[in-house]
Amino acid sequence: MILSPGATVGVLGGGQLGRMLAMAALKIGLRCHIYAPEAEAPAYDAAHARTVAPYEDEAALRRFADACDLVTFEFENVPTATLEFLQTLKPVRPNPRALALTQDRLTEKTFLRGLGLETAPFADVADPAGLVRAVRDLGRPAILKTRRFGYDGKGQTMIREGSDLGAAHLALGGGPMLLEGFVAFEREVSVIAARSLEGAIASFDLCENEHERHILARTRVPARTSPALAPVAREIAEKVLAGLDYVGVIGVEMFVARAAGGAERLIVNEIAPRVHNSGHWTIEGAETSQFEQHMRAIAGWPLGSTTRRGAIEMRNLIGEEADDWRDILAEPDMSLHLYGKQDARPGRKMGHVTRVLRPPEA
Ligand code: AMP
C-alpha cells in the first residue's frame, strides 16, 4: 500500500522524535496523528490530531486506526500487542516483529549474532545464581543490563572487581537480565539508514557519538575513523535492515575497538527501530532529513538523497543547558531546536543545536 499526499500517518509516541517526524511530514504533504498516554507531549504541537490514551485501550486504538491511513512509532517501548492489534486494522511500518525483537536485549543480540555480526560477549541471567555463573564466564568488568525497558543508561549497572553480585541483581529489580562483557572501545559510532518498501537502502554518513552520564551529548560527522570503516559499518546496517525485512529509518549503534593486530573492528551494541538522536544533524546537514526519509519510506515513496552538506557537530541540550537558547541564537552558524518541554529536569533532552561547517563555495 502506497500513501497519497494528504494521507494521515498515525504515530505511537509523543516525544521529540514524533514532533520532528510530524514537522517533516508536513513538508511533503502528509499529516500526523499522535497517539500517546501523556496529557502533555512535545509532538502534539506539530500534529494534525492527537489521541491521549493508554497503549492498551482497544477502543481508543480502533478509533485511532480509523482516523489514520498507516501507523508507525517513535517510542520503542510501545507494547508489541498494541502494534499487533493495530496491524489487523491498518498497515504498520516498520513491522511489529522488528520492534519485538529489539525490545529484548537477548533476542536482539541473538539476532545480530545470527546475521554473523560481532556483539559484546553476553550471557542470559535468569536469577542470582545465573549472575554468578555469567560473571565467572565473562569476567570483570562486565555490564549487567535488564533485558527490557533500558534506555539512556537506565536499567544497567557495572560489575567491577569487588562488586556485590546479589546487590547488583537486586538493584536492577530482579527480573530477566543480560550480562555483557565490557568492550574497551575507542569510540562509539552509529549508522542511520532507511529501507524502502521495495527494499532499496540509503544510509547517512557514519556518525561519531559521545555520551555523558549515559546520555548522548554530541554527534560528529564524519566519524574520526579510518576511511575503510565507513563502508563496513554501512554493510552492517544493510544486513540488519534486510534481516528484519524493515521499512523505515533505523539507528544501529556500534563500538569501534582494536583487533589484536591493531586494525579497527566494529562491535554492534544496539538497534533502535526508529529515527535516532544521532541522526538529528540530518535536518540541516543532509539533503534529506532522517525524519523525511522515514516518512518517505513508510509511505512507499522513493528515498531521498543522503548526501551530507559539510562537517557536522550536533549537541544535545540536556536539562538546564537549554537555558542558553538566547546565546545559541546569537551564533550565526548554529541552528537551535527546542522541543517545547516545560520542565527542564536534570537529564531531560530539551533540544539540540546543529552546526554545519560547509565547504567553501565552488
Ligand atoms: P546501551 O543502553 O546498551 O546503549 O548502553 C549505554 C552506553 O553504555 C553505551 O553507549 C556505552 O557507552 C556503554 N556500554 C553499553 N554496553 C557496553 C559494553 N558492553 N561495554 C562497554 N560499554 C558499554
# chains A, B, ... in the order shown; residues from 1 in each chain; ligands from 1

call {"tool": "closest_atom_pairs", "arguments": {"of": "chain A", "to": "ligand 1", "cutoff": "9 Å", "atoms": "only C-alpha atoms and all ligand atoms", "output": "JSON lines"}}
result
{"residue": "A:Arg105", "atom": "CA", "partner": "ligand 1", "partner_atom_place_in_ligand_line": "3 (O)", "distance": 8.4}
{"residue": "A:Thr119", "atom": "CA", "partner": "ligand 1", "partner_atom_place_in_ligand_line": "19 (N)", "distance": 8.3}
{"residue": "A:Ala120", "atom": "CA", "partner": "ligand 1", "partner_atom_place_in_ligand_line": "19 (N)", "distance": 5.4}
{"residue": "A:Pro121", "atom": "CA", "partner": "ligand 1", "partner_atom_place_in_ligand_line": "19 (N)", "distance": 7.7}
{"residue": "A:Phe122", "atom": "CA", "partner": "ligand 1", "partner_atom_place_in_ligand_line": "19 (N)", "distance": 8.3}
{"residue": "A:Pro141", "atom": "CA", "partner": "ligand 1", "partner_atom_place_in_ligand_line": "20 (N)", "distance": 8.8}
{"residue": "A:Ala142", "atom": "CA", "partner": "ligand 1", "partner_atom_place_in_ligand_line": "19 (N)", "distance": 6.9}
{"residue": "A:Ile143", "atom": "CA", "partner": "ligand 1", "partner_atom_place_in_ligand_line": "19 (N)", "distance": 6.1}
{"residue": "A:Leu144", "atom": "CA", "partner": "ligand 1", "partner_atom_place_in_ligand_line": "16 (N)", "distance": 8.8}
{"residue": "A:Lys145", "atom": "CA", "partner": "ligand 1", "partner_atom_place_in_ligand_line": "3 (O)", "distance": 7.7}
{"residue": "A:Gly150", "atom": "CA", "partner": "ligand 1", "partner_atom_place_in_ligand_line": "2 (O)", "distance": 6.0}
{"residue": "A:Tyr151", "atom": "CA", "partner": "ligand 1", "partner_atom_place_in_ligand_line": "2 (O)", "distance": 5.1}
{"residue": "A:Asp152", "atom": "CA", "partner": "ligand 1", "partner_atom_place_in_ligand_line": "2 (O)", "distance": 5.7}
{"residue": "A:Gly153", "atom": "CA", "partner": "ligand 1", "partner_atom_place_in_ligand_line": "6 (C)", "distance": 4.8}
{"residue": "A:Lys154", "atom": "CA", "partner": "ligand 1", "partner_atom_place_in_ligand_line": "2 (O)", "distance": 7.1}
{"residue": "A:Gly155", "atom": "CA", "partner": "ligand 1", "partner_atom_place_in_ligand_line": "2 (O)", "distance": 7.9}
{"residue": "A:Gln156", "atom": "CA", "partner": "ligand 1", "partner_atom_place_in_ligand_line": "2 (O)", "distance": 7.4}
{"residue": "A:Leu179", "atom": "CA", "partner": "ligand 1", "partner_atom_place_in_ligand_line": "19 (N)", "distance": 8.4}
{"residue": "A:Glu180", "atom": "CA", "partner": "ligand 1", "partner_atom_place_in_ligand_line": "19 (N)", "distance": 5.0}
{"residue": "A:Gly181", "atom": "CA", "partner": "ligand 1", "partner_atom_place_in_ligand_line": "19 (N)", "distance": 5.2}
{"residue": "A:Phe182", "atom": "CA", "partner": "ligand 1", "partner_atom_place_in_ligand_line": "20 (N)", "distance": 3.7}
{"residue": "A:Val183", "atom": "CA", "partner": "ligand 1", "partner_atom_place_in_ligand_line": "20 (N)", "distance": 3.7}
{"residue": "A:Ala184", "atom": "CA", "partner": "ligand 1", "partner_atom_place_in_ligand_line": "21 (C)", "distance": 6.1}
{"residue": "A:Phe185", "atom": "CA", "partner": "ligand 1", "partner_atom_place_in_ligand_line": "21 (C)", "distance": 6.7}
{"residue": "A:Arg187", "atom": "CA", "partner": "ligand 1", "partner_atom_place_in_ligand_line": "12 (O)", "distance": 8.8}
{"residue": "A:Glu188", "atom": "CA", "partner": "ligand 1", "partner_atom_place_in_ligand_line": "10 (O)", "distance": 7.0}
{"residue": "A:Asn209", "atom": "CA", "partner": "ligand 1", "partner_atom_place_in_ligand_line": "10 (O)", "distance": 8.4}
{"residue": "A:Glu210", "atom": "CA", "partner": "ligand 1", "partner_atom_place_in_ligand_line": "12 (O)", "distance": 8.0}
{"residue": "A:His211", "atom": "CA", "partner": "ligand 1", "partner_atom_place_in_ligand_line": "12 (O)", "distance": 6.3}
{"residue": "A:Glu212", "atom": "CA", "partner": "ligand 1", "partner_atom_place_in_ligand_line": "12 (O)", "distance": 8.5}
{"residue": "A:Arg213", "atom": "CA", "partner": "ligand 1", "partner_atom_place_in_ligand_line": "7 (C)", "distance": 8.7}
{"residue": "A:His214", "atom": "CA", "partner": "ligand 1", "partner_atom_place_in_ligand_line": "7 (C)", "distance": 5.3}
{"residue": "A:Ile215", "atom": "CA", "partner": "ligand 1", "partner_atom_place_in_ligand_line": "6 (C)", "distance": 7.6}
{"residue": "A:Leu216", "atom": "CA", "partner": "ligand 1", "partner_atom_place_in_ligand_line": "10 (O)", "distance": 7.7}
{"residue": "A:Glu253", "atom": "CA", "partner": "ligand 1", "partner_atom_place_in_ligand_line": "4 (O)", "distance": 7.5}
{"residue": "A:Met254", "atom": "CA", "partner": "ligand 1", "partner_atom_place_in_ligand_line": "10 (O)", "distance": 8.4}
{"residue": "A:Phe255", "atom": "CA", "partner": "ligand 1", "partner_atom_place_in_ligand_line": "11 (C)", "distance": 8.0}
{"residue": "A:Asn269", "atom": "CA", "partner": "ligand 1", "partner_atom_place_in_ligand_line": "3 (O)", "distance": 6.1}
{"residue": "A:Glu270", "atom": "CA", "partner": "ligand 1", "partner_atom_place_in_ligand_line": "4 (O)", "distance": 5.9}
{"residue": "A:Ile271", "atom": "CA", "partner": "ligand 1", "partner_atom_place_in_ligand_line": "4 (O)", "distance": 8.8}

call {"tool": "select_by_dssp", "arguments": {"residues": "region 87-325 of chain A", "states": "strand (DSSP E or B)", "output": "PyMOL selection string"}}
result
chain A and resi 92+119+122-125+142-146+156-159+177-181+187-195+201-203+207-212+215-221+248-258+264-272+286+308+311-318

call {"tool": "residues_around", "arguments": {"residues": "Gly199 (chain A)", "least_positions_apart": "3", "cutoff": "10 Å", "atoms": "only C-alpha atoms", "output": "ChimeraX atom specification"}}
result
/A:194-196,202,241-242,245-247,297

call {"tool": "write_last_selection", "arguments": {"atoms": "C-alpha atoms", "output": "CSV table (one decimal), in the first residue's frame"}}
result
chain,number,residue,atom,x,y,z
A,194,ALA,CA,16.5,3.7,5.7
A,195,ARG,CA,14.9,0.8,3.7
A,196,SER,CA,12.1,1.5,1.3
A,202,ALA,CA,20.0,4.6,1.7
A,241,LEU,CA,17.6,-3.8,7.7
A,242,ALA,CA,17.3,-6.7,5.3
A,245,ASP,CA,12.5,-7.0,6.4
A,246,TYR,CA,12.4,-3.5,7.7
A,247,VAL,CA,10.6,-0.4,6.2
A,297,ALA,CA,10.0,5.0,3.3

call {"tool": "atom_distance", "arguments": {"atom1": "CA of Phe291 (chain A)", "atom2": "CA of Ala25 (chain A)"}}
result
7.8 Å

call {"tool": "residues_around", "arguments": {"residues": "Thr354 (chain A)", "least_positions_apart": "5", "cutoff": "10 Å", "atoms": "only C-alpha atoms", "output": "ChimeraX atom specification"}}
result
/A:218-220,280-285,312-316,333-337

call {"tool": "atom_distance", "arguments": {"atom1": "CA of His276 (chain A)", "atom2": "CA of His169 (chain A)"}}
result
29.7 Å

call {"tool": "atom_distance", "arguments": {"atom1": "CA of Ala98 (chain A)", "atom2": "CA of Asn77 (chain A)"}}
result
12.2 Å

call {"tool": "residues_around", "arguments": {"residues": "Ile298 (chain A)", "least_positions_apart": "6", "cutoff": "10 Å", "atoms": "only C-alpha atoms", "output": "mmCIF file with N, CA, C and O atoms, in the first residue's frame"}}
result
data_model
loop_
_atom_site.group_PDB
_atom_site.id
_atom_site.type_symbol
_atom_site.label_atom_id
_atom_site.label_comp_id
_atom_site.auth_asym_id
_atom_site.auth_seq_id
_atom_site.Cartn_x
_atom_site.Cartn_y
_atom_site.Cartn_z
ATOM 1 N N MET A 1 0.837 -1.203 0.000
ATOM 2 C CA MET A 1 0.000 0.000 0.000
ATOM 3 C C MET A 1 0.878 1.262 0.000
ATOM 4 O O MET A 1 1.767 1.397 0.824
ATOM 5 N N ILE A 2 0.595 2.145 -0.942
ATOM 6 C CA ILE A 2 1.367 3.384 -1.060
ATOM 7 C C ILE A 2 0.471 4.558 -0.692
ATOM 8 O O ILE A 2 -0.681 4.619 -1.118
ATOM 9 N N LEU A 3 0.989 5.460 0.141
ATOM 10 C CA LEU A 3 0.184 6.617 0.548
ATOM 11 C C LEU A 3 0.132 7.665 -0.559
ATOM 12 O O LEU A 3 1.074 7.798 -1.349
ATOM 13 N N VAL A 9 -0.636 9.857 8.759
ATOM 14 C CA VAL A 9 0.212 8.825 9.363
ATOM 15 C C VAL A 9 -0.025 8.841 10.867
ATOM 16 O O VAL A 9 0.133 9.882 11.507
ATOM 17 N N LEU A 70 -2.053 4.767 7.922
ATOM 18 C CA LEU A 70 -0.898 3.905 8.178
ATOM 19 C C LEU A 70 -0.383 4.240 9.569
ATOM 20 O O LEU A 70 -0.571 5.356 10.033
ATOM 21 N N VAL A 71 0.255 3.286 10.221
ATOM 22 C CA VAL A 71 0.729 3.532 11.589
ATOM 23 C C VAL A 71 2.237 3.291 11.681
ATOM 24 O O VAL A 71 2.761 2.344 11.083
ATOM 25 N N THR A 72 2.927 4.175 12.413
ATOM 26 C CA THR A 72 4.346 3.972 12.714
ATOM 27 C C THR A 72 4.553 4.290 14.201
ATOM 28 O O THR A 72 3.590 4.554 14.920
ATOM 29 N N PRO A 91 -1.940 -0.865 7.870
ATOM 30 C CA PRO A 91 -0.529 -1.264 7.776
ATOM 31 C C PRO A 91 0.297 -0.615 8.892
ATOM 32 O O PRO A 91 0.059 0.546 9.234
ATOM 33 N N VAL A 92 1.220 -1.381 9.460
ATOM 34 C CA VAL A 92 2.142 -0.856 10.472
ATOM 35 C C VAL A 92 3.552 -0.977 9.915
ATOM 36 O O VAL A 92 3.987 -2.065 9.533
ATOM 37 N N ARG A 93 4.280 0.135 9.827
ATOM 38 C CA ARG A 93 5.652 0.123 9.312
ATOM 39 C C ARG A 93 6.527 0.950 10.218
ATOM 40 O O ARG A 93 6.113 2.067 10.540
ATOM 41 N N PRO A 94 7.734 0.446 10.607
ATOM 42 C CA PRO A 94 8.257 -0.894 10.362
ATOM 43 C C PRO A 94 7.404 -1.969 11.035
ATOM 44 O O PRO A 94 6.582 -1.668 11.890
ATOM 45 N N ALA A 194 17.912 3.895 5.941
ATOM 46 C CA ALA A 194 16.491 3.665 5.655
ATOM 47 C C ALA A 194 16.351 2.573 4.616
ATOM 48 O O ALA A 194 17.222 2.407 3.752
ATOM 49 N N ARG A 195 15.249 1.837 4.713
ATOM 50 C CA ARG A 195 14.921 0.847 3.686
ATOM 51 C C ARG A 195 13.516 1.142 3.191
ATOM 52 O O ARG A 195 12.603 1.384 3.984
ATOM 53 N N SER A 196 13.371 1.143 1.869
ATOM 54 C CA SER A 196 12.079 1.489 1.270
ATOM 55 C C SER A 196 11.204 0.245 1.167
ATOM 56 O O SER A 196 11.656 -0.879 1.409
ATOM 57 N N LEU A 197 9.968 0.457 0.747
ATOM 58 C CA LEU A 197 9.024 -0.651 0.583
ATOM 59 C C LEU A 197 9.526 -1.652 -0.452
ATOM 60 O O LEU A 197 9.267 -2.847 -0.346
ATOM 61 N N TYR A 246 12.767 -4.720 7.020
ATOM 62 C CA TYR A 246 12.418 -3.451 7.655
ATOM 63 C C TYR A 246 11.986 -2.424 6.626
ATOM 64 O O TYR A 246 12.561 -2.335 5.535
ATOM 65 N N VAL A 247 11.018 -1.605 6.978
ATOM 66 C CA VAL A 247 10.649 -0.439 6.155
ATOM 67 C C VAL A 247 10.653 0.778 7.072
ATOM 68 O O VAL A 247 9.921 0.804 8.063
ATOM 69 N N GLY A 248 11.499 1.774 6.743
ATOM 70 C CA GLY A 248 11.606 2.970 7.570
ATOM 71 C C GLY A 248 13.050 3.243 7.932
ATOM 72 O O GLY A 248 13.969 2.631 7.370
ATOM 73 N N VAL A 249 13.240 4.161 8.880
ATOM 74 C CA VAL A 249 14.598 4.539 9.320
ATOM 75 C C VAL A 249 14.959 3.749 10.569
ATOM 76 O O VAL A 249 14.127 3.532 11.451
#

call {"tool": "residues_around", "arguments": {"residues": "Glu361 (chain A)", "least_positions_apart": "2", "cutoff": "12 Å", "atoms": "only C-alpha atoms", "output": "compact mmCIF listing (two decimals) with C-alpha atoms, in the first residue's frame"}}
result
# COMPACT_ATOMS: atom_id res chain seq x y z
CA ARG A 309 26.30 19.24 3.32
CA GLY A 310 29.51 19.71 5.30
CA LEU A 357 30.71 23.72 8.54
CA ARG A 358 30.08 24.00 4.85
CA PRO A 359 32.85 23.51 2.34

call {"tool": "residues_around", "arguments": {"residues": "Pro231 (chain A)", "least_positions_apart": "5", "cutoff": "12 Å", "atoms": "only C-alpha atoms", "output": "ChimeraX atom specification"}}
result
/A:191,203-206,225-226,236-238,266

call {"tool": "closest_residue", "arguments": {"among": "A:Pro42, A:Pro332, A:Pro227, A:Gly243", "to": "Arg19 (chain A)", "atoms": "only C-alpha atoms"}}
result
A:Pro42

call {"tool": "decode", "arguments": {"residues": "region 54-67 of chain A", "atoms": "C-alpha atoms", "output": "mmCIF file, in the first residue's frame"}}
result
data_model
loop_
_atom_site.group_PDB
_atom_site.id
_atom_site.type_symbol
_atom_site.label_atom_id
_atom_site.label_comp_id
_atom_site.auth_asym_id
_atom_site.auth_seq_id
_atom_site.Cartn_x
_atom_site.Cartn_y
_atom_site.Cartn_z
ATOM 1 C CA PRO A 54 -3.079 4.235 27.276
ATOM 2 C CA TYR A 55 -1.438 1.882 24.745
ATOM 3 C CA GLU A 56 -3.716 -0.905 25.989
ATOM 4 C CA ASP A 57 -7.021 0.902 25.279
ATOM 5 C CA GLU A 58 -8.504 -1.100 22.375
ATOM 6 C CA ALA A 59 -11.427 1.237 21.786
ATOM 7 C CA ALA A 60 -9.085 4.244 21.510
ATOM 8 C CA LEU A 61 -6.686 2.273 19.285
ATOM 9 C CA ARG A 62 -9.571 1.335 16.994
ATOM 10 C CA ARG A 63 -10.685 4.980 16.650
ATOM 11 C CA PHE A 64 -7.059 5.978 16.031
ATOM 12 C CA ALA A 65 -6.672 3.346 13.287
ATOM 13 C CA ASP A 66 -9.910 4.541 11.679
ATOM 14 C CA ALA A 67 -8.521 8.077 11.521
#
